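Structure file my_file.pdb; described as PDB, C-alpha atoms.
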ATOM      1  CA  MET A   1     140.351  29.323  80.315
ATOM      2  CA  ASP A   2     142.935  26.627  80.631
ATOM      3  CA  HIS A   3     140.329  24.157  81.658
ATOM      4  CA  GLN A   4     138.201  24.913  78.526
ATOM      5  CA  ASN A   5     141.186  24.558  76.218
ATOM      6  CA  ILE A   6     141.973  21.219  77.698
ATOM      7  CA  GLU A   7     138.438  19.946  76.966
ATOM      8  CA  LEU A   8     138.503  21.185  73.372
ATOM      9  CA  ASN A   9     141.807  19.519  72.805
ATOM     10  CA  ASN A  10     140.431  16.330  74.128
ATOM     11  CA  VAL A  11     137.470  16.525  71.764
ATOM     12  CA  GLN A  12     139.619  17.127  68.775
ATOM     13  CA  THR A  13     141.843  14.259  69.502
ATOM     14  CA  VAL A  14     139.050  11.722  69.690
ATOM     15  CA  ASP A  15     138.986   9.515  66.541
ATOM     16  CA  ALA A  16     135.493   9.610  64.871
ATOM     17  CA  LYS A  17     134.182   6.363  63.310
ATOM     18  CA  PRO A  18     133.412   6.509  59.508
ATOM     19  CA  SER A  19     129.648   6.406  58.447
ATOM     20  CA  ALA A  20     128.120   4.052  55.926
ATOM     21  CA  VAL A  21     127.881   6.836  53.415
ATOM     22  CA  ASP A  22     131.501   7.585  53.781
ATOM     23  CA  THR A  23     132.384   3.961  53.108
ATOM     24  CA  MET A  24     130.323   3.769  49.806
ATOM     25  CA  PRO A  25     132.224   3.974  46.538
ATOM     26  CA  HIS A  26     132.252   7.397  45.029
ATOM     27  CA  ASN A  27     130.891   6.274  41.653
ATOM     28  CA  PHE A  28     127.827   4.599  43.261
ATOM     29  CA  LEU A  29     126.566   7.857  44.621
ATOM     30  CA  SER A  30     126.984   9.480  41.250
ATOM     31  CA  GLN A  31     124.568   6.913  39.430
ATOM     32  CA  PRO A  32     120.907   8.089  38.692
ATOM     33  CA  THR A  33     118.049   6.620  40.737
ATOM     34  CA  ARG A  34     115.770   4.018  38.907
ATOM     35  CA  ASN A  35     111.869   4.652  38.367
ATOM     36  CA  PHE A  36     110.105   1.317  38.882
ATOM     37  CA  SER A  37     106.592   2.704  37.852
ATOM     38  CA  GLU A  38     107.491   2.999  34.181
ATOM     39  CA  PRO A  39     107.220  -0.766  33.326
ATOM     40  CA  VAL A  40     103.813  -0.906  35.049
ATOM     41  CA  LYS A  41     102.529   2.002  32.980
ATOM     42  CA  LYS A  42     103.743   0.406  29.761
ATOM     43  CA  SER A  43     102.002  -2.912  30.588
ATOM     44  CA  THR A  44      98.741  -1.140  31.430
ATOM     45  CA  GLY A  45      98.805   0.741  28.127
ATOM     46  CA  LYS A  46      99.286  -2.462  26.139
ATOM     47  CA  ILE A  47      96.378  -4.140  27.921
ATOM     48  CA  ALA A  48      94.124  -1.151  27.295
ATOM     49  CA  ALA A  49      95.053  -1.163  23.635
ATOM     50  CA  LEU A  50      94.290  -4.866  23.344
ATOM     51  CA  VAL A  51      90.911  -4.409  25.083
ATOM     52  CA  ALA A  52      90.044  -1.513  22.795
ATOM     53  CA  ALA A  53      91.033  -3.518  19.728
ATOM     54  CA  ALA A  54      88.993  -6.508  20.889
ATOM     55  CA  THR A  55      86.004  -4.273  21.590
ATOM     56  CA  ILE A  56      86.198  -2.659  18.187
ATOM     57  CA  ALA A  57      86.557  -6.067  16.537
ATOM     58  CA  GLY A  58      83.566  -7.406  18.474
ATOM     59  CA  LEU A  59      81.461  -4.404  17.528
ATOM     60  CA  GLY A  60      82.520  -4.857  13.946
ATOM     61  CA  ILE A  61      81.484  -8.509  13.968
ATOM     62  CA  ILE A  62      78.157  -7.686  15.598
ATOM     63  CA  SER A  63      77.590  -4.847  13.147
ATOM     64  CA  PHE A  64      78.377  -7.116  10.220
ATOM     65  CA  ALA A  65      76.044  -9.803  11.529
ATOM     66  CA  ASN A  66      73.257  -7.259  12.050
ATOM     67  CA  SER A  67      73.733  -5.828   8.578
ATOM     68  CA  PHE A  68      71.787  -8.675   6.973
ATOM     69  CA  THR A  69      68.111  -9.512   7.453
ATOM     70  CA  THR A  70      66.395 -12.608   6.055
ATOM     71  CA  ILE A  71      62.814 -12.265   4.821
ATOM     72  CA  GLU A  72      60.839 -15.496   4.467
ATOM     73  CA  SER A  73      58.705 -16.406   1.464
ATOM     74  CA  GLY A  74      55.271 -14.776   1.590
ATOM     75  CA  GLU A  75      56.545 -11.824   3.642
ATOM     76  CA  VAL A  76      57.989  -8.358   3.139
ATOM     77  CA  GLY A  77      60.059  -6.294   5.544
ATOM     78  CA  VAL A  78      58.993  -2.787   6.549
ATOM     79  CA  VAL A  79      62.117  -0.756   7.384
ATOM     80  CA  ARG A  80      62.035   1.987  10.022
ATOM     81  CA  ARG A  81      65.135   4.224   9.994
ATOM     82  CA  PHE A  82      65.482   6.753  12.806
ATOM     83  CA  GLY A  83      61.723   6.413  13.339
ATOM     84  CA  ASP A  84      60.865   7.070   9.679
ATOM     85  CA  ILE A  85      59.253   4.275   7.633
ATOM     86  CA  GLN A  86      61.089   3.780   4.367
ATOM     87  CA  SER A  87      59.114   3.544   1.129
ATOM     88  CA  GLN A  88      61.183   0.606  -0.105
ATOM     89  CA  VAL A  89      60.297  -2.683   1.590
ATOM     90  CA  LEU A  90      62.536  -5.724   1.874
ATOM     91  CA  THR A  91      61.610  -8.674  -0.314
ATOM     92  CA  GLU A  92      62.114 -12.360   0.412
ATOM     93  CA  GLY A  93      65.708 -13.477   0.750
ATOM     94  CA  VAL A  94      68.772 -11.877   2.395
ATOM     95  CA  ASN A  95      68.702  -8.064   2.534
ATOM     96  CA  PHE A  96      71.293  -5.493   3.716
ATOM     97  CA  THR A  97      70.293  -3.065   6.479
ATOM     98  CA  LEU A  98      72.130  -0.463   8.510
ATOM     99  CA  PRO A  99      73.067  -1.966  11.885
ATOM    100  CA  PHE A 100      71.814  -0.184  15.015
ATOM    101  CA  VAL A 101      69.940   2.239  12.734
ATOM    102  CA  ASP A 102      67.326   0.196  10.840
ATOM    103  CA  THR A 103      64.592  -1.849  12.489
ATOM    104  CA  VAL A 104      62.627  -4.311  10.357
ATOM    105  CA  ARG A 105      59.049  -5.470  10.901
ATOM    106  CA  ARG A 106      57.929  -8.463   8.876
ATOM    107  CA  GLU A 107      54.468  -8.304   7.307
ATOM    108  CA  SER A 108      52.687 -11.252   5.686
ATOM    109  CA  ILE A 109      51.435 -10.814   2.127
ATOM    110  CA  ARG A 110      49.780 -14.242   2.041
ATOM    111  CA  VAL A 111      46.003 -14.703   1.928
ATOM    112  CA  ARG A 112      44.776 -14.339   5.505
ATOM    113  CA  ILE A 113      41.488 -14.930   7.273
ATOM    114  CA  ALA A 114      39.765 -12.799   9.900
ATOM    115  CA  GLU A 115      36.556 -13.706  11.745
ATOM    116  CA  PHE A 116      33.977 -11.177  12.917
ATOM    117  CA  ASP A 117      30.575 -11.037  14.633
ATOM    118  CA  THR A 118      28.125  -8.247  13.862
ATOM    119  CA  SER A 119      24.649  -7.160  14.922
ATOM    120  CA  SER A 120      22.371  -5.579  12.330
ATOM    121  CA  ALA A 121      18.773  -5.402  11.091
ATOM    122  CA  SER A 122      17.130  -6.678   7.929
ATOM    123  CA  ARG A 123      14.924  -4.649   5.599
ATOM    124  CA  ASP A 124      11.846  -5.849   7.487
ATOM    125  CA  LEU A 125      13.483  -4.736  10.780
ATOM    126  CA  VAL A 126      14.398  -8.152  12.125
ATOM    127  CA  GLU A 127      17.419  -8.184  14.453
ATOM    128  CA  ILE A 128      20.189 -10.440  13.138
ATOM    129  CA  GLN A 129      23.437 -11.720  14.648
ATOM    130  CA  THR A 130      25.863 -12.567  11.860
ATOM    131  CA  ALA A 131      29.112 -14.518  12.082
ATOM    132  CA  PHE A 132      31.386 -14.588   9.057
ATOM    133  CA  ALA A 133      34.964 -14.978   7.883
ATOM    134  CA  ILE A 134      36.867 -12.665   5.547
ATOM    135  CA  ASN A 135      39.689 -13.722   3.236
ATOM    136  CA  PHE A 136      41.946 -10.761   2.501
ATOM    137  CA  GLN A 137      45.451  -9.946   1.287
ATOM    138  CA  VAL A 138      47.717  -6.914   1.659
ATOM    139  CA  ASP A 139      49.075  -5.382  -1.543
ATOM    140  CA  PRO A 140      52.888  -5.912  -1.370
ATOM    141  CA  GLY A 141      53.567  -2.598  -3.073
ATOM    142  CA  ARG A 142      51.520  -0.638  -0.523
ATOM    143  CA  VAL A 143      52.598  -2.258   2.734
ATOM    144  CA  ALA A 144      54.867   0.672   3.634
ATOM    145  CA  GLN A 145      52.037   3.141   3.013
ATOM    146  CA  LEU A 146      49.680   1.035   5.161
ATOM    147  CA  HIS A 147      52.141   1.005   8.056
ATOM    148  CA  ARG A 148      52.869   4.714   7.662
ATOM    149  CA  GLU A 149      49.206   5.780   7.631
ATOM    150  CA  VAL A 150      47.596   3.133   9.856
ATOM    151  CA  GLY A 151      50.224   1.055  11.623
ATOM    152  CA  GLY A 152      50.702  -2.650  12.077
ATOM    153  CA  ASP A 153      47.341  -3.308  13.760
ATOM    154  CA  PHE A 154      45.320  -2.447  10.654
ATOM    155  CA  VAL A 155      42.856  -5.313  11.222
ATOM    156  CA  THR A 156      41.551  -3.609  14.351
ATOM    157  CA  VAL A 157      41.907  -0.056  13.052
ATOM    158  CA  ILE A 158      40.571  -0.523   9.498
ATOM    159  CA  LEU A 159      38.895  -3.891   8.929
ATOM    160  CA  ASP A 160      36.831  -4.166  12.104
ATOM    161  CA  PRO A 161      34.902  -0.858  11.830
ATOM    162  CA  ALA A 162      34.612  -1.216   8.043
ATOM    163  CA  ILE A 163      33.037  -4.668   8.300
ATOM    164  CA  GLN A 164      30.580  -3.492  10.947
ATOM    165  CA  GLU A 165      29.382  -0.723   8.631
ATOM    166  CA  THR A 166      29.350  -3.081   5.645
ATOM    167  CA  MET A 167      27.066  -5.658   7.251
ATOM    168  CA  LYS A 168      24.640  -3.019   8.522
ATOM    169  CA  PHE A 169      24.413  -1.581   5.015
ATOM    170  CA  THR A 170      24.118  -4.971   3.309
ATOM    171  CA  THR A 171      21.519  -6.627   5.541
ATOM    172  CA  ALA A 172      19.294  -3.527   5.287
ATOM    173  CA  ASN A 173      18.812  -4.334   1.587
ATOM    174  CA  PHE A 174      17.435  -7.835   2.196
ATOM    175  CA  THR A 175      14.542  -9.246   4.175
ATOM    176  CA  ALA A 176      15.248 -11.748   6.918
ATOM    177  CA  GLU A 177      14.037 -14.575   4.726
ATOM    178  CA  GLU A 178      16.174 -13.416   1.804
ATOM    179  CA  LEU A 179      19.245 -13.357   4.017
ATOM    180  CA  VAL A 180      18.782 -17.102   4.391
ATOM    181  CA  THR A 181      17.613 -18.041   0.898
ATOM    182  CA  ARG A 182      19.979 -15.675  -0.965
ATOM    183  CA  ARG A 183      23.055 -16.019   1.198
ATOM    184  CA  SER A 184      25.524 -16.106  -1.714
ATOM    185  CA  GLU A 185      24.132 -12.823  -3.059
ATOM    186  CA  VAL A 186      24.416 -11.269   0.402
ATOM    187  CA  SER A 187      28.068 -12.343   0.671
ATOM    188  CA  ALA A 188      28.905 -10.977  -2.787
ATOM    189  CA  ALA A 189      27.235  -7.630  -2.058
ATOM    190  CA  ALA A 190      29.047  -7.321   1.276
ATOM    191  CA  ALA A 191      32.430  -8.135  -0.297
ATOM    192  CA  GLU A 192      31.931  -5.516  -3.001
ATOM    193  CA  TYR A 193      30.955  -2.811  -0.516
ATOM    194  CA  LEU A 194      33.807  -3.686   1.869
ATOM    195  CA  GLN A 195      36.365  -3.590  -0.944
ATOM    196  CA  GLU A 196      35.379   0.003  -1.681
ATOM    197  CA  ARG A 197      35.986   0.896   1.964
ATOM    198  CA  VAL A 198      39.454  -0.661   2.402
ATOM    199  CA  GLU A 199      40.943  -0.418  -1.090
ATOM    200  CA  PRO A 200      42.539   3.012  -0.418
ATOM    201  CA  PHE A 201      44.693   1.373   2.268
ATOM    202  CA  GLY A 202      46.036  -1.369  -0.009
ATOM    203  CA  ILE A 203      43.849  -4.198   1.368
ATOM    204  CA  ASN A 204      42.208  -6.580  -1.101
ATOM    205  CA  ILE A 205      39.036  -8.436  -0.042
ATOM    206  CA  LEU A 206      38.937 -11.837  -1.724
ATOM    207  CA  ALA A 207      35.762 -13.315  -0.226
ATOM    208  CA  ILE A 208      33.251 -13.035   2.615
ATOM    209  CA  ASN A 209      31.736 -16.273   3.892
ATOM    210  CA  ILE A 210      28.699 -16.074   6.172
ATOM    211  CA  THR A 211      29.085 -18.892   8.676
ATOM    212  CA  ASP A 212      26.046 -18.288  10.898
ATOM    213  CA  LEU A 213      22.823 -16.252  10.993
ATOM    214  CA  ALA A 214      20.927 -15.967  14.280
ATOM    215  CA  PHE A 215      17.520 -14.308  14.523
ATOM    216  CA  SER A 216      15.466 -13.221  17.512
ATOM    217  CA  SER A 217      13.413 -15.865  19.312
ATOM    218  CA  GLU A 218      10.132 -14.228  18.237
ATOM    219  CA  PHE A 219      11.102 -14.281  14.592
ATOM    220  CA  SER A 220      12.324 -17.857  14.829
ATOM    221  CA  ALA A 221       8.992 -18.885  16.381
ATOM    222  CA  SER A 222       7.047 -17.108  13.625
ATOM    223  CA  ILE A 223       9.170 -18.790  10.997
ATOM    224  CA  GLU A 224       8.463 -22.158  12.573
ATOM    225  CA  GLN A 225       4.704 -21.495  12.662
ATOM    226  CA  ARG A 226       4.708 -20.361   9.058
ATOM    227  CA  GLN A 227       6.620 -23.421   8.006
ATOM    228  CA  ILE A 228       4.055 -25.581   9.792
ATOM    229  CA  ALA A 229       1.188 -23.746   8.050
ATOM    230  CA  GLU A 230       2.922 -24.026   4.694
ATOM    231  CA  GLN A 231       3.433 -27.714   5.275
ATOM    232  CA  ARG A 232      -0.273 -28.149   6.037
ATOM    233  CA  VAL A 233      -1.245 -26.245   2.919
ATOM    234  CA  LEU A 234       1.138 -28.326   0.901
ATOM    235  CA  THR A 235      -0.350 -31.499   2.369
ATOM    236  CA  ALA A 236      -3.917 -30.347   1.553
ATOM    237  CA  GLN A 237      -2.887 -29.444  -1.974
ATOM    238  CA  GLN A 238      -1.346 -32.853  -2.402
ATOM    239  CA  GLU A 239      -4.516 -34.532  -1.135
ATOM    240  CA  LEU A 240      -6.661 -32.392  -3.422
ATOM    241  CA  GLU A 241      -4.470 -33.217  -6.342
ATOM    242  CA  HIS A 242      -4.708 -36.894  -5.467
ATOM    243  CA  THR A 243      -8.529 -36.689  -5.357
ATOM    244  CA  ARG A 244      -8.649 -34.827  -8.632
ATOM    245  CA  VAL A 245      -6.464 -37.418 -10.287
ATOM    246  CA  GLN A 246      -8.650 -40.202  -8.944
ATOM    247  CA  ALA A 247     -11.800 -38.479 -10.248
ATOM    248  CA  GLU A 248     -10.232 -38.005 -13.630
ATOM    249  CA  GLN A 249      -9.295 -41.658 -13.633
ATOM    250  CA  GLU A 250     -12.907 -42.649 -12.857
ATOM    251  CA  VAL A 251     -14.199 -40.410 -15.635
ATOM    252  CA  VAL A 252     -11.745 -41.879 -18.049
ATOM    253  CA  ARG A 253     -12.647 -45.389 -16.936
ATOM    254  CA  ALA A 254     -16.400 -44.750 -17.285
ATOM    255  CA  GLN A 255     -15.939 -43.161 -20.657
ATOM    256  CA  ALA A 256     -13.923 -46.127 -21.782
ATOM    257  CA  GLU A 257     -16.637 -48.527 -20.610
ATOM    258  CA  ALA A 258     -19.363 -46.493 -22.323
ATOM    259  CA  ASP A 259     -17.389 -46.391 -25.533
ATOM    260  CA  ALA A 260     -16.817 -50.111 -25.322
ATOM    261  CA  MET A 261     -20.534 -50.760 -24.753
ATOM    262  CA  ARG A 262     -21.506 -48.520 -27.646
ATOM    263  CA  ILE A 263     -19.106 -50.246 -29.961
ATOM    264  CA  LEU A 264     -20.332 -53.640 -28.774
ATOM    265  CA  GLN A 265     -23.931 -52.712 -29.354
ATOM    266  CA  GLN A 266     -23.129 -51.615 -32.847
ATOM    267  CA  GLU A 267     -21.412 -54.882 -33.635
ATOM    268  CA  LEU A 268     -23.946 -57.304 -32.001
ATOM    269  CA  THR A 269     -26.190 -58.238 -35.004
ATOM    270  CA  PRO A 270     -28.662 -61.213 -34.880
ATOM    271  CA  GLU A 271     -26.426 -63.206 -37.188
ATOM    272  CA  LEU A 272     -23.413 -62.581 -34.913
ATOM    273  CA  LEU A 273     -25.355 -63.625 -31.849
ATOM    274  CA  GLN A 274     -26.519 -66.849 -33.563
ATOM    275  CA  ARG A 275     -23.000 -67.651 -34.668
ATOM    276  CA  LEU A 276     -21.636 -67.070 -31.153
ATOM    277  CA  TRP A 277     -24.410 -69.317 -29.749
ATOM    278  CA  ILE A 278     -23.541 -72.084 -32.167
ATOM    279  CA  GLU A 279     -19.839 -71.809 -31.367
ATOM    280  CA  ARG A 280     -20.528 -72.210 -27.685
ATOM    281  CA  TRP A 281     -23.200 -74.978 -28.066
ATOM    282  CA  ASN A 282     -22.188 -78.405 -26.658
ATOM    283  CA  GLY A 283     -24.596 -80.436 -28.859
ATOM    284  CA  VAL A 284     -27.229 -81.014 -26.164
ATOM    285  CA  MET A 285     -30.676 -79.724 -26.924
ATOM    286  CA  PRO A 286     -31.851 -77.303 -24.254
ATOM    287  CA  LEU A 287     -34.972 -78.195 -22.356
ATOM    288  CA  TYR A 288     -37.681 -75.922 -21.144
ATOM    289  CA  MET A 289     -39.750 -77.284 -18.309
ATOM    290  CA  GLY A 290     -43.027 -75.718 -17.386
ATOM    291  CA  GLY A 291     -45.901 -77.373 -15.558
ATOM    292  CA  ASP A 292     -46.319 -81.037 -16.531
ATOM    293  CA  ALA A 293     -44.884 -80.638 -19.962
ATOM    294  CA  THR A 294     -41.318 -80.679 -21.059
ATOM    295  CA  VAL A 295     -40.625 -78.808 -24.215
ATOM    296  CA  MET A 296     -37.477 -79.202 -26.210
ATOM    297  CA  LEU A 297     -36.326 -75.997 -27.837
ATOM    298  CA  PRO A 298     -35.319 -76.220 -31.416
ATOM    299  CA  ALA A 299     -31.686 -76.047 -32.238
ATOM    300  CA  PRO A 300     -30.567 -72.839 -33.824
ATOM    301  CA  THR A 301     -30.337 -72.948 -37.551
ATOM    302  CA  ALA A 302     -27.928 -71.139 -39.655
ATOM    303  CA  PRO A 303     -29.362 -68.599 -42.030
ATOM    304  CA  ALA A 304     -30.255 -69.971 -45.448
ATOM    305  CA  ALA A 305     -27.681 -69.625 -48.109
ATOM    306  CA  PRO A 306     -28.660 -67.231 -50.873
ATOM    307  CA  ALA A 307     -30.144 -68.872 -53.951
ATOM    308  CA  SER A 308     -27.876 -69.437 -56.881
ATOM    309  CA  THR A 309     -28.509 -67.300 -59.913
ATOM    310  CA  ASP A 310     -27.339 -69.995 -62.340
TER     311      ASP A 310
END
Is it possible to express this structure as structure tokens?
Amino acid sequence: MDHQNIELNNVQTVDAKPSAVDTMPHNFLSQPTRNFSEPVKKSTGKIAALVAAATIAGLGIISFANSFTTIESGEVGVVRRFGDIQSQVLTEGVNFTLPFVDTVRRESIRVRIAEFDTSSASRDLVEIQTAFAINFQVDPGRVAQLHREVGGDFVTVILDPAIQETMKFTTANFTAEELVTRRSEVSAAAAEYLQERVEPFGINILAINITDLAFSSEFSASIEQRQIAEQRVLTAQQELEHTRVQAEQEVVRAQAEADAMRILQQELTPELLQRLWIERWNGVMPLYMGGDATVMLPAPTAPAAPASTD
């Protein structure tokens, strides 16, 4: 027991060194602890706000820029809104549209040309290959209807099959020869028939111009032979006409000579003949020689003057 008490006394008498906490001022320990994450959060929020504002401003600028569509002269704009084609089209100039909602397809309303090739038969069953050009124009007031009912590729969907039918119908009303000699009438008839086919879609046919007609080789050969035969007939007719004219000229010439002879015979009286002989006489008496004798012919004498009645 005594030994234990001595050790405890020794422990209690040992001077303990003060800790760092014990040496701190009392008011320091009573101050609140600082949160260094708060300034970082505030900076991040400001940056996010600036980014959002810039994004909204950019979208606003883009939206404003996309709100206007320019349509060139000779065009209209077909507006599609949420997939639905609007009845009102955009005219030339600057037009307002809804950004990110409206899409605009430009369609020409100028006079356009389309070229086609068709195969058909004439009234006399001759196979014909026809090449032609069509001048057409889309009605500006019916462009939206055309796009709604047919679409943008109306040349392939409407014009191509309509022109094939038109040329088959038209050429069947003419012979192969008439298709060549009456080409303007063929073009006019085809344009009229085609207009009836495409007018319900707002397409106006202005003209059809046939640029080439190609026939089968057999028909071309027959045409060539017929032209040769016609040329020969024409040549023979010309020769016959020439012969006939020459014969008529000979008849006229002979008739003129006969008339002249008849008139001359009527006018040649003995007195006239004597007067003509005297006018041509050179004053030398004519001689008549026969055998051994030479006879001098008497000079012509003028007819005696009528006796005076005094």
_Under the PyMOL selection byres ((chain A and resi 75-92) around 9), which residues of this model are included? Write them out as a VMD selection string._
chain A and resid 69 to 74 93 to 98 101 to 110 140 to 145 147 to 148
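You will find atom CA of A:Ala191 at 13.7 Å from atom CA of A:Asp160.
One finds atom CA of A:Ser187 at 27.1 Å from atom CA of A:Gly152.
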Exactly which residues make up the result of the PyMOL selection byres ((chain A and resi 111-117) around 10) on this file, given as a PDB file with C-alpha atoms, in the coordinates of the input?
ATOM      1  CA  GLY A  74      55.271 -14.776   1.590  1.00  0.00           C
ATOM      2  CA  SER A 108      52.687 -11.252   5.686  1.00  0.00           C
ATOM      3  CA  ILE A 109      51.435 -10.814   2.127  1.00  0.00           C
ATOM      4  CA  ARG A 110      49.780 -14.242   2.041  1.00  0.00           C
ATOM      5  CA  THR A 118      28.125  -8.247  13.862  1.00  0.00           C
ATOM      6  CA  SER A 119      24.649  -7.160  14.922  1.00  0.00           C
ATOM      7  CA  GLN A 129      23.437 -11.720  14.648  1.00  0.00           C
ATOM      8  CA  THR A 130      25.863 -12.567  11.860  1.00  0.00           C
ATOM      9  CA  ALA A 131      29.112 -14.518  12.082  1.00  0.00           C
ATOM     10  CA  PHE A 132      31.386 -14.588   9.057  1.00  0.00           C
ATOM     11  CA  ALA A 133      34.964 -14.978   7.883  1.00  0.00           C
ATOM     12  CA  ILE A 134      36.867 -12.665   5.547  1.00  0.00           C
ATOM     13  CA  ASN A 135      39.689 -13.722   3.236  1.00  0.00           C
ATOM     14  CA  PHE A 136      41.946 -10.761   2.501  1.00  0.00           C
ATOM     15  CA  GLN A 137      45.451  -9.946   1.287  1.00  0.00           C
ATOM     16  CA  VAL A 138      47.717  -6.914   1.659  1.00  0.00           C
ATOM     17  CA  VAL A 155      42.856  -5.313  11.222  1.00  0.00           C
ATOM     18  CA  LEU A 159      38.895  -3.891   8.929  1.00  0.00           C
ATOM     19  CA  ASP A 160      36.831  -4.166  12.104  1.00  0.00           C
ATOM     20  CA  ILE A 163      33.037  -4.668   8.300  1.00  0.00           C
ATOM     21  CA  GLN A 164      30.580  -3.492  10.947  1.00  0.00           C
ATOM     22  CA  MET A 167      27.066  -5.658   7.251  1.00  0.00           C
ATOM     23  CA  ASN A 204      42.208  -6.580  -1.101  1.00  0.00           C
ATOM     24  CA  ILE A 205      39.036  -8.436  -0.042  1.00  0.00           C
ATOM     25  CA  LEU A 206      38.937 -11.837  -1.724  1.00  0.00           C
ATOM     26  CA  ALA A 207      35.762 -13.315  -0.226  1.00  0.00           C
ATOM     27  CA  ILE A 208      33.251 -13.035   2.615  1.00  0.00           C
ATOM     28  CA  ASN A 209      31.736 -16.273   3.892  1.00  0.00           C
ATOM     29  CA  ILE A 210      28.699 -16.074   6.172  1.00  0.00           C
ATOM     30  CA  THR A 211      29.085 -18.892   8.676  1.00  0.00           C
ATOM     31  CA  ASP A 212      26.046 -18.288  10.898  1.00  0.00           C
TER      32      ASP A 212
END
*asked:* Set the distance at 10 Å and use all atoms listed in the file: which residues neighbour A:Tyr193 once local chain neighbours fewer than 4 positions away are removed? I'd like the list as an MDAnalysis selection string.
replied: chainID A and resid 162:163 165:167 169:170 188:189 197:198 205
*Taking into account only C-alpha atoms, which residue in the set A:Glu250, A:Glu241, A:Glu127, A:Glu271 is nearest to A:Ala214?*
A:Glu127
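For the atom pair formed by atom CA of A:Pro161 and atom CA of A:Ser217, the distance is 27.3 Å, given to one decimal.
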